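Q: Coordinates in data-v3.cif, mmCIF, C-alpha atoms, are listed below.
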data_final
#
loop_
_atom_site.label_atom_id
_atom_site.label_comp_id
_atom_site.auth_asym_id
_atom_site.auth_seq_id
_atom_site.Cartn_x
_atom_site.Cartn_y
_atom_site.Cartn_z
CA MET Z 1 122.19 123.78 80.79
CA ASN Z 2 123.22 120.64 78.89
CA LEU Z 3 122.82 118.56 82.09
CA TRP Z 4 119.33 119.95 82.74
CA ARG Z 5 118.36 119.24 79.15
CA LYS Z 6 119.45 115.61 79.55
CA ILE Z 7 117.45 115.32 82.77
CA ILE Z 8 114.35 116.73 81.09
CA PHE Z 9 114.76 114.34 78.14
CA PHE Z 10 115.15 111.40 80.53
CA LEU Z 11 112.01 112.38 82.44
CA SER Z 12 110.09 112.43 79.15
CA VAL Z 13 111.27 108.92 78.28
CA MET Z 14 111.12 107.48 81.81
CA GLY Z 15 108.25 105.22 82.71
CA PRO Z 16 107.95 101.86 80.94
CA GLY Z 17 111.14 100.33 82.39
CA ILE Z 18 110.61 101.55 85.96
CA ILE Z 19 106.91 100.68 86.04
CA THR Z 20 107.31 97.22 84.47
CA ALA Z 21 110.07 96.14 86.83
CA ASN Z 22 108.53 97.58 89.99
CA VAL Z 23 105.09 96.15 89.35
CA ASP Z 24 106.78 92.75 89.27
CA ASN Z 25 106.78 93.15 93.07
CA ASP Z 26 103.09 92.30 93.11
CA ALA Z 27 101.31 90.11 95.68
CA THR Z 28 102.98 86.95 94.37
CA GLY Z 29 106.45 88.48 94.41
CA ILE Z 30 106.05 90.04 97.85
CA THR Z 31 104.84 86.69 99.21
CA THR Z 32 107.86 84.87 97.76
CA TYR Z 33 110.37 87.33 99.22
CA SER Z 34 108.59 87.37 102.59
CA VAL Z 35 108.57 83.59 102.87
CA ALA Z 36 112.23 83.40 101.78
CA GLY Z 37 113.31 85.84 104.50
CA ALA Z 38 111.10 84.27 107.19
CA HIS Z 39 112.22 80.70 106.46
CA PHE Z 40 115.93 81.17 105.71
CA GLY Z 41 116.96 84.53 107.15
CA TYR Z 42 119.75 86.24 105.23
CA SER Z 43 121.02 83.10 103.49
CA LEU Z 44 118.97 83.64 100.30
CA LEU Z 45 119.94 87.29 99.78
CA TRP Z 46 122.78 86.32 97.45
CA VAL Z 47 120.25 84.94 94.91
CA LEU Z 48 119.18 88.53 94.17
CA ILE Z 49 122.55 89.39 92.60
CA PRO Z 50 122.45 86.96 89.63
CA THR Z 51 118.69 87.50 89.40
CA THR Z 52 119.16 91.26 88.99
CA ILE Z 53 121.80 90.75 86.29
CA ALA Z 54 119.52 88.35 84.40
CA LEU Z 55 116.57 90.72 84.73
CA ILE Z 56 118.56 93.69 83.37
CA VAL Z 57 119.88 91.65 80.41
CA ILE Z 58 116.44 90.40 79.38
CA GLN Z 59 114.54 93.65 79.94
CA GLU Z 60 117.17 95.71 78.10
CA MET Z 61 116.83 93.41 75.08
CA ILE Z 62 113.05 93.68 75.10
CA GLY Z 63 113.16 97.46 75.57
CA ARG Z 64 115.65 97.80 72.70
CA MET Z 65 113.31 95.93 70.35
CA GLY Z 66 110.43 98.20 71.35
CA VAL Z 67 112.44 101.37 70.67
CA ILE Z 68 114.00 100.24 67.37
CA THR Z 69 110.95 98.58 65.80
CA GLY Z 70 108.15 100.63 67.34
CA LYS Z 71 106.21 97.38 67.65
CA GLY Z 72 105.12 95.11 70.46
CA LEU Z 73 106.57 91.64 70.99
CA SER Z 74 103.34 89.96 69.85
CA ASP Z 75 103.48 91.90 66.58
CA LEU Z 76 107.01 90.70 65.90
CA ILE Z 77 106.27 87.07 66.80
CA ARG Z 78 103.23 87.04 64.48
CA GLU Z 79 105.09 88.68 61.59
CA ASN Z 80 108.12 86.39 61.82
CA TYR Z 81 106.79 83.07 63.15
CA GLY Z 82 103.18 82.97 61.99
CA ILE Z 83 99.75 83.12 63.55
CA ARG Z 84 99.80 79.56 64.98
CA SER Z 85 102.83 80.19 67.18
CA THR Z 86 101.40 83.54 68.24
CA PHE Z 87 97.97 82.07 69.04
CA PHE Z 88 99.51 79.41 71.32
CA VAL Z 89 101.54 82.03 73.19
CA MET Z 90 98.50 84.31 73.55
CA VAL Z 91 96.21 81.59 74.93
CA VAL Z 92 98.77 80.49 77.54
CA LEU Z 93 99.53 84.09 78.50
CA LEU Z 94 95.82 84.91 78.84
CA PHE Z 95 95.21 82.11 81.35
CA ALA Z 96 98.49 82.75 83.19
CA ASN Z 97 97.70 86.45 83.58
CA PHE Z 98 94.19 85.58 84.72
CA GLY Z 99 95.56 83.45 87.58
CA THR Z 100 98.14 86.10 88.48
CA THR Z 101 95.43 88.77 88.64
CA VAL Z 102 93.41 86.55 90.98
CA GLY Z 103 96.50 86.42 93.21
CA ASN Z 104 96.85 90.19 93.14
CA PHE Z 105 93.23 90.80 94.10
CA SER Z 106 93.67 88.25 96.89
CA GLY Z 107 96.65 90.28 98.15
CA TRP Z 108 94.60 93.48 97.96
CA ALA Z 109 91.75 91.85 99.92
CA ALA Z 110 94.11 90.51 102.62
CA SER Z 111 95.93 93.84 103.05
CA MET Z 112 92.63 95.71 103.37
CA GLU Z 113 91.42 93.33 106.08
CA ILE Z 114 94.71 93.81 107.98
CA ILE Z 115 94.01 97.54 108.27
CA GLY Z 116 90.38 96.87 109.27
CA LEU Z 117 88.44 97.22 106.01
CA THR Z 118 86.18 94.51 104.62
CA LYS Z 119 87.15 92.92 101.32
CA TYR Z 120 83.50 92.87 100.21
CA LEU Z 121 83.66 96.65 99.93
CA MET Z 122 87.31 97.22 99.05
CA VAL Z 123 87.72 94.62 96.28
CA PRO Z 124 84.85 96.02 94.17
CA LEU Z 125 86.02 99.57 94.95
CA GLY Z 126 89.60 98.76 93.97
CA ALA Z 127 88.50 97.01 90.76
CA LEU Z 128 86.23 99.91 89.78
CA SER Z 129 88.94 102.50 90.51
CA ILE Z 130 91.59 100.87 88.33
CA TRP Z 131 89.07 100.18 85.56
CA ILE Z 132 88.09 103.86 85.46
CA LEU Z 133 91.76 104.90 85.54
CA VAL Z 134 92.73 102.81 82.52
CA THR Z 135 89.58 103.14 80.40
CA ARG Z 136 89.00 106.84 81.05
CA GLY Z 137 92.52 108.20 81.55
CA GLY Z 138 95.08 108.69 78.77
CA TYR Z 139 98.52 107.04 78.66
CA ARG Z 140 100.27 110.02 80.30
CA ILE Z 141 97.85 110.18 83.22
CA VAL Z 142 98.03 106.44 83.85
CA GLU Z 143 101.83 106.44 83.63
CA GLN Z 144 102.20 109.37 86.04
CA ILE Z 145 99.92 107.73 88.61
CA LEU Z 146 101.80 104.43 88.30
CA LEU Z 147 105.16 106.18 88.73
CA VAL Z 148 103.92 107.88 91.91
CA ALA Z 149 102.57 104.56 93.17
CA CYS Z 150 106.00 102.99 92.56
CA LEU Z 151 107.41 105.40 95.16
CA LEU Z 152 105.29 103.67 97.82
CA TYR Z 153 107.55 100.64 97.50
CA LEU Z 154 110.08 102.68 99.47
CA GLY Z 155 107.93 101.76 102.48
CA TYR Z 156 109.59 98.35 102.39
CA VAL Z 157 113.00 100.02 102.61
CA ILE Z 158 111.82 102.01 105.64
CA SER Z 159 110.41 98.84 107.24
CA GLY Z 160 113.80 97.19 106.74
CA PHE Z 161 115.62 99.93 108.64
CA MET Z 162 112.94 100.02 111.35
CA ALA Z 163 113.55 96.31 111.96
CA LYS Z 164 117.20 97.18 112.90
CA PRO Z 165 119.08 94.30 111.23
CA ASP Z 166 122.70 93.38 111.87
CA TRP Z 167 124.18 94.88 108.71
CA THR Z 168 127.35 92.80 108.98
CA GLU Z 169 125.23 89.64 108.77
CA VAL Z 170 123.17 91.16 105.97
CA LEU Z 171 126.28 91.84 103.89
CA ARG Z 172 127.62 88.36 104.61
CA GLY Z 173 124.38 86.78 103.38
CA THR Z 174 124.41 88.98 100.28
CA PHE Z 175 127.98 88.45 99.10
CA LEU Z 176 129.00 85.12 100.69
CA PRO Z 177 126.52 82.45 99.53
CA GLN Z 178 125.52 79.96 102.23
CA ILE Z 179 123.97 77.34 99.97
CA GLU Z 180 121.81 74.61 101.47
CA TRP Z 181 120.79 71.55 99.46
CA GLY Z 182 117.42 70.96 101.09
CA PHE Z 183 114.28 70.93 98.93
CA GLU Z 184 112.71 74.09 100.38
CA TYR Z 185 115.91 76.13 100.01
CA ILE Z 186 116.32 75.15 96.35
CA PHE Z 187 112.62 75.67 95.68
CA LEU Z 188 112.63 79.19 97.16
CA SER Z 189 115.84 80.06 95.28
CA ILE Z 190 114.11 79.17 92.03
CA ALA Z 191 110.89 80.91 93.10
CA ILE Z 192 112.82 84.17 93.65
CA ILE Z 193 114.08 84.02 90.07
CA GLY Z 194 110.70 82.91 88.71
CA THR Z 195 108.74 85.68 90.40
CA THR Z 196 111.26 88.32 89.27
CA ILE Z 197 111.41 87.39 85.57
CA THR Z 198 107.93 86.70 84.17
CA PRO Z 199 106.42 86.40 80.65
CA TRP Z 200 103.94 89.26 81.06
CA MET Z 201 106.78 91.70 81.75
CA GLN Z 202 108.27 91.17 78.30
CA PHE Z 203 104.99 91.90 76.51
CA TYR Z 204 104.04 94.86 78.67
CA LEU Z 205 107.44 96.57 78.49
CA GLN Z 206 107.74 96.38 74.71
CA GLY Z 207 104.08 97.24 74.19
CA SER Z 208 104.23 100.28 76.48
CA ILE Z 209 107.43 101.55 74.84
CA ALA Z 210 105.75 101.27 71.43
CA ASP Z 211 102.56 102.87 72.80
CA LYS Z 212 104.53 105.77 74.26
CA GLY Z 213 106.26 106.33 70.92
CA ILE Z 214 109.87 106.38 72.21
CA ARG Z 215 112.21 107.05 69.29
CA LYS Z 216 115.46 105.40 68.23
CA GLU Z 217 117.37 108.57 69.21
CA ASP Z 218 116.14 108.05 72.79
CA TYR Z 219 117.38 104.47 73.04
CA LYS Z 220 120.11 105.21 75.60
CA LEU Z 221 117.66 107.03 77.87
CA SER Z 222 115.14 104.20 77.52
CA ARG Z 223 117.90 101.74 78.40
CA LEU Z 224 118.69 103.76 81.53
CA ASP Z 225 114.99 103.66 82.46
CA VAL Z 226 115.07 99.84 82.22
CA ILE Z 227 118.28 99.49 84.25
CA ILE Z 228 117.03 101.81 87.01
CA GLY Z 229 113.72 99.93 87.16
CA CYS Z 230 115.35 96.50 87.40
CA SER Z 231 117.76 97.70 90.09
CA LEU Z 232 115.04 99.34 92.18
CA THR Z 233 112.70 96.34 92.08
CA ASP Z 234 115.36 94.01 93.44
CA LEU Z 235 116.41 96.59 96.04
CA VAL Z 236 112.82 96.45 97.31
CA ALA Z 237 112.95 92.63 97.26
CA PHE Z 238 116.18 92.82 99.27
CA PHE Z 239 114.56 94.88 102.03
CA ILE Z 240 111.47 92.68 102.15
CA MET Z 241 113.71 89.68 102.78
CA VAL Z 242 115.81 91.57 105.33
CA THR Z 243 112.72 92.73 107.24
CA CYS Z 244 111.30 89.22 107.50
CA ALA Z 245 114.70 87.72 108.32
CA VAL Z 246 115.45 90.00 111.26
CA THR Z 247 111.97 89.74 112.76
CA LEU Z 248 110.29 86.47 111.78
CA PHE Z 249 113.22 84.12 111.08
CA ALA Z 250 115.04 85.27 114.20
CA ASN Z 251 111.98 84.36 116.29
CA GLY Z 252 111.19 81.07 114.58
CA ILE Z 253 107.97 82.30 112.93
CA ARG Z 254 107.08 80.61 109.64
CA ILE Z 255 104.61 82.15 107.20
CA HIS Z 256 103.02 81.26 103.88
CA GLU Z 257 101.54 84.59 102.77
CA ALA Z 258 102.75 88.21 102.66
CA SER Z 259 99.69 89.24 104.70
CA GLU Z 260 100.85 86.90 107.49
CA ALA Z 261 104.22 88.67 107.42
CA ALA Z 262 102.57 92.06 107.87
CA LEU Z 263 100.66 90.83 110.92
CA ALA Z 264 103.62 88.96 112.42
CA LEU Z 265 105.90 92.01 112.17
CA LYS Z 266 103.88 94.01 114.70
CA PRO Z 267 105.31 92.60 117.97
CA PHE Z 268 108.90 92.71 116.69
CA ALA Z 269 109.26 95.78 114.47
CA GLY Z 270 106.37 97.83 115.83
CA THR Z 271 102.93 98.89 114.65
CA TYR Z 272 104.27 101.37 112.09
CA ALA Z 273 106.51 98.81 110.37
CA SER Z 274 103.64 96.33 110.25
CA PHE Z 275 101.28 98.98 108.85
CA LEU Z 276 103.84 100.04 106.22
CA PHE Z 277 104.29 96.43 105.16
CA ALA Z 278 100.51 96.01 104.74
CA ILE Z 279 100.14 99.29 102.83
CA CYS Z 280 102.96 98.34 100.47
CA LEU Z 281 101.33 94.93 99.91
CA ALA Z 282 98.08 96.73 99.02
CA ASN Z 283 99.97 99.03 96.66
CA GLY Z 284 101.82 96.18 94.94
CA SER Z 285 98.64 94.12 94.62
CA LEU Z 286 96.69 96.98 93.07
CA LEU Z 287 99.50 97.90 90.67
CA GLY Z 288 99.75 94.27 89.62
CA SER Z 289 95.99 94.21 89.07
CA ILE Z 290 96.41 97.15 86.66
CA ILE Z 291 99.47 96.06 84.71
CA VAL Z 292 99.09 92.28 84.38
CA PRO Z 293 95.67 92.49 82.66
CA LEU Z 294 97.00 95.37 80.54
CA SER Z 295 99.89 93.23 79.33
CA ALA Z 296 97.43 90.53 78.23
CA ALA Z 297 95.24 93.08 76.43
CA TYR Z 298 98.29 94.57 74.69
CA CYS Z 299 99.75 91.32 73.43
CA ILE Z 300 96.47 89.68 72.34
CA CYS Z 301 95.42 92.75 70.36
CA GLU Z 302 98.87 93.09 68.81
CA ALA Z 303 98.82 89.42 67.82
CA MET Z 304 95.37 89.68 66.22
CA GLY Z 305 96.03 93.02 64.56
CA TRP Z 306 93.37 94.81 66.61
CA GLU Z 307 93.57 98.42 67.74
CA ARG Z 308 95.13 98.73 71.19
CA GLY Z 309 96.32 101.38 73.62
CA ILE Z 310 95.32 103.23 76.76
CA ASN Z 311 94.76 106.36 74.69
CA LYS Z 312 92.01 104.60 72.72
CA THR Z 313 88.31 104.63 73.61
CA PHE Z 314 85.93 101.64 73.77
CA LYS Z 315 84.70 102.61 70.31
CA GLU Z 316 88.22 102.86 68.85
CA ALA Z 317 89.64 99.71 70.49
CA PRO Z 318 86.72 97.54 71.69
CA GLN Z 319 88.67 94.27 71.89
CA PHE Z 320 91.48 95.86 73.92
CA MET Z 321 89.09 97.47 76.39
CA TRP Z 322 86.87 94.39 76.76
CA ILE Z 323 89.80 92.05 77.36
CA TYR Z 324 91.07 94.40 80.03
CA THR Z 325 87.61 94.77 81.58
CA LEU Z 326 86.97 91.02 81.80
CA LEU Z 327 90.43 90.41 83.30
CA ILE Z 328 89.52 92.87 86.06
CA VAL Z 329 85.90 91.93 86.73
CA ILE Z 330 86.13 88.11 86.78
CA PRO Z 331 89.18 87.77 89.12
CA ALA Z 332 87.72 90.40 91.49
CA PHE Z 333 84.44 88.46 91.58
CA LEU Z 334 86.20 85.14 92.26
CA VAL Z 335 88.08 86.59 95.24
CA LEU Z 336 84.75 87.48 96.86
CA ILE Z 337 83.35 83.92 96.63
CA PRO Z 338 83.72 82.11 100.00
CA ASP Z 339 85.87 78.93 99.92
CA MET Z 340 86.89 79.51 96.31
CA PRO Z 341 90.06 77.41 95.61
CA LEU Z 342 92.20 80.43 94.76
CA VAL Z 343 95.44 78.61 95.58
CA ILE Z 344 94.79 76.12 92.77
CA LEU Z 345 94.25 78.97 90.30
CA MET Z 346 97.54 80.56 91.38
CA VAL Z 347 99.40 77.23 91.08
CA ILE Z 348 98.02 76.83 87.55
CA ALA Z 349 99.19 80.38 86.76
CA SER Z 350 102.70 79.53 88.00
CA PHE Z 351 102.65 76.40 85.85
CA LEU Z 352 101.62 78.31 82.72
CA ASN Z 353 104.16 81.06 83.36
CA GLY Z 354 106.82 78.38 83.72
CA ILE Z 355 105.89 76.88 80.36
CA LEU Z 356 105.70 80.24 78.61
CA LEU Z 357 108.80 82.02 79.89
CA PRO Z 358 111.48 79.96 78.06
CA ILE Z 359 109.43 80.05 74.83
CA VAL Z 360 109.04 83.84 74.98
CA LEU Z 361 112.75 84.34 75.70
CA VAL Z 362 113.84 82.10 72.81
CA TYR Z 363 111.59 84.11 70.47
CA ALA Z 364 112.93 87.38 71.89
CA ILE Z 365 116.61 86.47 71.48
CA SER Z 366 116.03 85.20 67.93
CA LEU Z 367 114.22 88.41 67.02
CA VAL Z 368 116.78 90.74 68.62
CA ASN Z 369 119.55 89.02 66.59
CA ASN Z 370 117.71 89.44 63.29
CA ARG Z 371 119.44 92.24 61.35
CA ASN Z 372 116.44 92.65 59.07
CA ILE Z 373 114.50 93.73 62.14
CA MET Z 374 117.12 95.36 64.36
CA GLY Z 375 119.76 96.64 61.91
CA ASP Z 376 122.88 97.65 63.84
CA TYR Z 377 121.12 97.17 67.18
CA VAL Z 378 121.44 93.38 67.30
CA ASN Z 379 123.14 91.76 70.28
CA SER Z 380 126.91 91.67 70.44
CA LYS Z 381 128.61 88.26 70.84
CA GLY Z 382 129.29 88.92 74.50
CA TYR Z 383 125.71 89.97 75.07
CA ASN Z 384 124.48 86.80 73.34
CA TYR Z 385 126.60 84.64 75.63
CA ILE Z 386 125.00 86.30 78.64
CA SER Z 387 121.45 86.22 77.25
CA TRP Z 388 121.56 82.59 76.04
CA GLY Z 389 123.25 81.54 79.28
CA THR Z 390 120.43 83.24 81.17
CA VAL Z 391 117.82 81.44 79.06
CA ILE Z 392 119.45 78.02 79.52
CA ALA Z 393 119.61 78.56 83.28
CA LEU Z 394 115.99 79.72 83.36
CA ILE Z 395 114.83 76.72 81.33
CA ALA Z 396 116.59 74.32 83.71
CA LEU Z 397 115.20 76.09 86.77
CA THR Z 398 111.75 76.33 85.21
CA ILE Z 399 111.65 72.57 84.58
CA PHE Z 400 112.56 71.98 88.21
CA ILE Z 401 109.97 74.39 89.58
CA LEU Z 402 107.27 73.01 87.29
CA MET Z 403 107.96 69.47 88.45
CA THR Z 404 107.96 70.44 92.11
CA THR Z 405 104.83 72.56 91.66
CA ILE Z 406 102.81 70.03 89.68
CA ILE Z 407 103.65 66.77 91.45
CA PRO Z 408 102.29 67.81 94.91
CA HIS Z 409 98.99 68.84 93.28
CA VAL Z 410 98.50 65.85 90.95
#
Kindly return the structure encoded in the file as structure tokens.
A:
Amino acid sequence: MNLWRKIIFFLSVMGPGIITANVDNDATGITTYSVAGAHFGYSLLWVLIPTTIALIVIQEMIGRMGVITGKGLSDLIRENYGIRSTFFVMVVLLFANFGTTVGNFSGWAASMEIIGLTKYLMVPLGALSIWILVTRGGYRIVEQILLVACLLYLGYVISGFMAKPDWTEVLRGTFLPQIEWGFEYIFLSIAIIGTTITPWMQFYLQGSIADKGIRKEDYKLSRLDVIIGCSLTDLVAFFIMVTCAVTLFANGIRIHEASEAALALKPFAGTYASFLFAICLANGSLLGSIIVPLSAAYCICEAMGWERGINKTFKEAPQFMWIYTLLIVIPAFLVLIPDMPLVILMVIASFLNGILLPIVLVYAISLVNNRNIMGDYVNSKGYNYISWGTVIALIALTIFILMTTIIPHV
């Protein structure tokens, strides 16, 4: 009976950690993992191990702050560092999330065209569907639908097995690093980390925990939710890379988009594997189009002291709902414009995310070590070594990826 009670309690708390981490496998993330597997086979699988550890450390910290304080990250930054610092973070996050949402709607459009449906119908339909879901459904309904949608990511695991990899080689690539010092190898290594740990995740996770009203007594269950979510998202990334390695890399096929991977899989892994890959891309793109704009709406409204939350109506939280609406409508419209330079918008989004991530993490670690805020739930010394080490590594890698992203486009 005690075990069943614990399971029921966990199911009541479960959601924010699993959804936040899994939605990180949006169109941008899926593209990165697909390209990594297609270009370098199994040799980049090892990068997922330190990336998963870093993701768990950071997300657990953010989740802990949400549970203990009952506030979003924007709230805490504004209260402790002032409105100027908060305003800068909000402006950068708004534009970064805008570009990321454009990328997600592009992924949705491409996946729909793969399965034979025109983007001129499906993009407006997809945008309208998710807008109705968020603005008309309560938090519980939205969360339950998102959790079910997260299950569709298992399609990538199935595709991986259908591709029939050599598991000995897979394990060798995972646990015995085969580091290459070429530019593309280093760039993709950094891109894997950068697409897995993003600024919007920190704001959405803490905001959704506060919105759900998870209590301090439920901290351990919330922590488990975060750890499971982080582990599952990188398991999916693992199978995306394996699928592309065993089919595309083995046959010398190079790609630049996840949609190209779905099409290229067909002759090697079969129609069903290709279809599954496309469906999962559509799922990830649509989930990203829901959550990324929501994270922007959460953090901007928290920072400005406006009412926010999925349970609110347009009348109760007009700023929250209008920010979300505009971040759905405008990107969807841009994707439908022929010859629109969407790649430039996505590069700018990567640039802004690169600038913002180290700043957000420094704020987060400072806040989580403040006893006036966290009481006995501050980081331990060992935890601080890991978290600061993660931040220093991310800052160094971010500088590199920013330089290599900006210079080719200047």
Q: Which polymer residues have any atom within 9 Å of an atom of Z:Gly309, counting all atoms listed in the file, with same-chain residues fewer than 6 positions away left out, as number ranges by chain?
A: Z: 139, 207-208, 211, 297-298, 317, 320-321
Q: Wanna dump the stretch 26-93 of chain Z-stretch 276-287 of chain Z contacts at 10 Å for me, each residue with its shortest atom pair and the distance in Å to one decimal, counting all atoms listed in the file, ordered by chain and number, as CSV?
A:
residue,atom,partner,partner_atom,distance
Z:Asp26,CA,Z:Gly284,CA,4.5
Z:Ala27,CA,Z:Ser285,CA,4.9
Z:Thr28,CA,Z:Ser285,CA,8.4
Z:Gly29,CA,Z:Gly284,CA,9.0
Z:Ile30,CA,Z:Leu281,CA,7.1
Z:Thr31,CA,Z:Leu281,CA,9.0
Q: Evaluate the PyMOL selection byres ((chain Z and resi 291) around 10) on the structure here and hand back the selected residues as a list of chain:residue names.
A: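 Going through the file, the PyMOL selection byres ((chain Z and resi 291) around 10) ends up selecting Z:Ile19, Z:Thr20, Z:Val23, Z:Asp24, Z:Asp26, Z:Asn97, Z:Thr101, Z:Ile130, Z:Val134, Z:Leu146, Z:Trp200, Z:Met201, Z:Tyr204, Z:Leu286, Z:Leu287, Z:Gly288, Z:Ser289, Z:Ile290, Z:Val292, Z:Pro293, Z:Leu294, Z:Ser295, Z:Ala296, Z:Ala297, Z:Tyr324.
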Q: Residue by residue, what does the PyMOL selection byres ((chain Z and resi 242) around 8) grab here? Present the result as a PyMOL selection string.
A: chain Z and resi 37+41-42+160+165+170+238-241+243-246
Q: From the list Z:Ile68, Z:Lys381, Z:Phe183, Z:Asn25, which residue is nearest Z:Ile214 when using all atoms listed in the file?
A: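 Comparing Z:Ile68, Z:Lys381, Z:Phe183, Z:Asn25 against Z:Ile214, the winner is Z:Ile68.
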Q: Please, what distance in Å, to one decimal, runs between atom CA of Z:Pro318 and atom CA of Z:Ile359?
A: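 About the pair atom CA of Z:Pro318 and atom CA of Z:Ile359: they are 28.8 Å apart.
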Q: Reconstruct N, CA and C atoms of stretch 162-179 of chain Z; output as a CSV table (one decimal), in the coordinates of the input.
A:
chain,number,residue,atom,x,y,z
Z,162,MET,N,113.6,100.0,110.1
Z,162,MET,CA,112.9,100.0,111.4
Z,162,MET,C,113.1,98.7,112.1
Z,163,ALA,N,113.3,97.6,111.3
Z,163,ALA,CA,113.6,96.3,112.0
Z,163,ALA,C,114.9,96.2,112.6
Z,164,LYS,N,115.9,97.1,112.3
Z,164,LYS,CA,117.2,97.2,112.9
Z,164,LYS,C,118.0,95.9,112.7
Z,165,PRO,N,118.3,95.5,111.5
Z,165,PRO,CA,119.1,94.3,111.2
Z,165,PRO,C,120.5,94.5,111.6
Z,166,ASP,N,121.2,93.4,111.7
Z,166,ASP,CA,122.7,93.4,111.9
Z,166,ASP,C,123.3,93.5,110.5
Z,167,TRP,N,123.8,94.7,110.1
Z,167,TRP,CA,124.2,94.9,108.7
Z,167,TRP,C,125.4,94.1,108.3
Z,168,THR,N,126.2,93.7,109.3
Z,168,THR,CA,127.4,92.8,109.0
Z,168,THR,C,126.8,91.4,108.5
Z,169,GLU,N,125.8,90.9,109.2
Z,169,GLU,CA,125.2,89.6,108.8
Z,169,GLU,C,124.5,89.8,107.4
Z,170,VAL,N,123.9,90.9,107.2
Z,170,VAL,CA,123.2,91.2,106.0
Z,170,VAL,C,124.1,91.1,104.8
Z,171,LEU,N,125.3,91.8,105.0
Z,171,LEU,CA,126.3,91.8,103.9
Z,171,LEU,C,126.9,90.5,103.7
Z,172,ARG,N,127.1,89.7,104.7
Z,172,ARG,CA,127.6,88.4,104.6
Z,172,ARG,C,126.7,87.5,103.8
Z,173,GLY,N,125.4,87.6,104.1
Z,173,GLY,CA,124.4,86.8,103.4
Z,173,GLY,C,124.2,87.2,101.9
Z,174,THR,N,124.5,88.5,101.6
Z,174,THR,CA,124.4,89.0,100.3
Z,174,THR,C,125.6,88.6,99.4
Z,175,PHE,N,126.8,88.6,99.9
Z,175,PHE,CA,128.0,88.4,99.1
Z,175,PHE,C,128.7,87.2,99.4
Z,176,LEU,N,128.4,86.4,100.4
Z,176,LEU,CA,129.0,85.1,100.7
Z,176,LEU,C,127.9,84.1,100.7
Z,177,PRO,N,127.6,83.4,99.6
Z,177,PRO,CA,126.5,82.4,99.5
Z,177,PRO,C,126.7,81.3,100.6
Z,178,GLN,N,125.6,81.1,101.3
Z,178,GLN,CA,125.5,80.0,102.2
Z,178,GLN,C,124.5,79.0,101.7
Z,179,ILE,N,124.9,78.2,100.7
Z,179,ILE,CA,124.0,77.3,100.0
Z,179,ILE,C,123.6,76.1,100.8
